[in-house]
Amino acid sequence: KNEVEQSPQNLTAQEGEFITINCSYSVGISALHWLQQHPGGGIVSLFMLSSGKKKHGRLIATINIQEKHSSLHITASHPRDSAVYICAVGRVLNDMRFGAGTRLTVKP
Amino acid sequence: GAGVSQSPRYKVAKRGQDVALRCDPISGHVSLFWYQQALGQGPEFLTYFQNEAQLDKSGLPSDRFFAERPEGSVSTLKIQRTQQEDSAVYLCASSFLEGGYEQYFGPGTRLTVT
């Protein structure tokens, strides 16, 4: 079993829909990251969080440390949100483990 | 520069060739990481530098993989005698703090071994 599991693997939505991507992990962590990867490979860090909730524009990330679960929400989705969203957990120092990613396609 | 840069962006190599992938981290970033990302998978850790010191190379898949960062800035990942299973995107990330988690990723180098 992978240490970081994401669901769903693929997600197709209509423009304007509310989107939720889930991440569960099985190891103790110091921080959890949500990353966005566009075609061509470039990765952008969206959030780094260790508790509670963070919001940036239309993106919201929550984490429940007790349940070892995090969610990434996108409100009023737009085609430009189409990308792969990766959950990664940081344990100590350089030990970062990545989920396989959720491929999001938002159709106009 | 404004961000982490990698070159080349795309590399096609014939099986058995040696390749060298370059990473220019953000100026002043102490930590530098290399990851390998196979198609449809999340990145997998390869190796980690703190300044010029390679502190962890446990993720390098074989002794054909070698990384260096001689002056504590630019890093090169070298793959000798490439094999088809080496085909992947190679991502570099840097971080300001020693062992810090806020990693800034480069665009990656897509290596295809034919």
# chains A, B, ... in the order shown; residues from 1 in each chain; ligands from 1
call {"tool": "select_by_dssp", "arguments": {"residues": "chain B", "states": "strand (DSSP E)", "output": "PyMOL selection string"}}
result
chain B and resi 5-7+10-13+19-24+31-37+44-50+53-56+65-68+75-79+88-95+104-105+109-113
call {"tool": "interface_residues", "arguments": {"of": "chain B", "to": "chain A", "cutoff": "12 Å", "atoms": "only C-alpha atoms", "output": "VMD selection string"}}
result
chain B and resid 3 to 6 9 to 10 31 to 50 54 to 59 88 to 95 97 to 111
call {"tool": "atom_distance", "arguments": {"atom1": "CA of Gly72 in chain B", "atom2": "CA of Ser27 in chain B"}}
result
10.2 Å
call {"tool": "atom_distance", "arguments": {"atom1": "CA of Lys55 in chain A", "atom2": "CA of Ala2 in chain B"}}
result
24.3 Å
call {"tool": "residues_around", "arguments": {"residues": "Gly16 in chain A", "least_positions_apart": "4", "cutoff": "12 Å", "atoms": "only C-alpha atoms", "output": "number ranges by chain"}}
result
A: 12, 58, 74-81, 106-108
call {"tool": "closest_residue", "arguments": {"among": "B:Gln17, B:Cys23, B:Thr112, B:Val30", "to": "Leu77 in chain B", "atoms": "only C-alpha atoms"}}
result
B:Cys23
call {"tool": "residues_around", "arguments": {"residues": "Ala13 in chain B", "least_positions_apart": "6", "cutoff": "10 Å", "atoms": "only C-alpha atoms", "output": "ChimeraX atom specification"}}
result
/B:19,81-84,87,111-114
call {"tool": "atom_distance", "arguments": {"atom1": "CA of Leu49 in chain A", "atom2": "CA of Ser70 in chain A"}}
result
9.6 Å
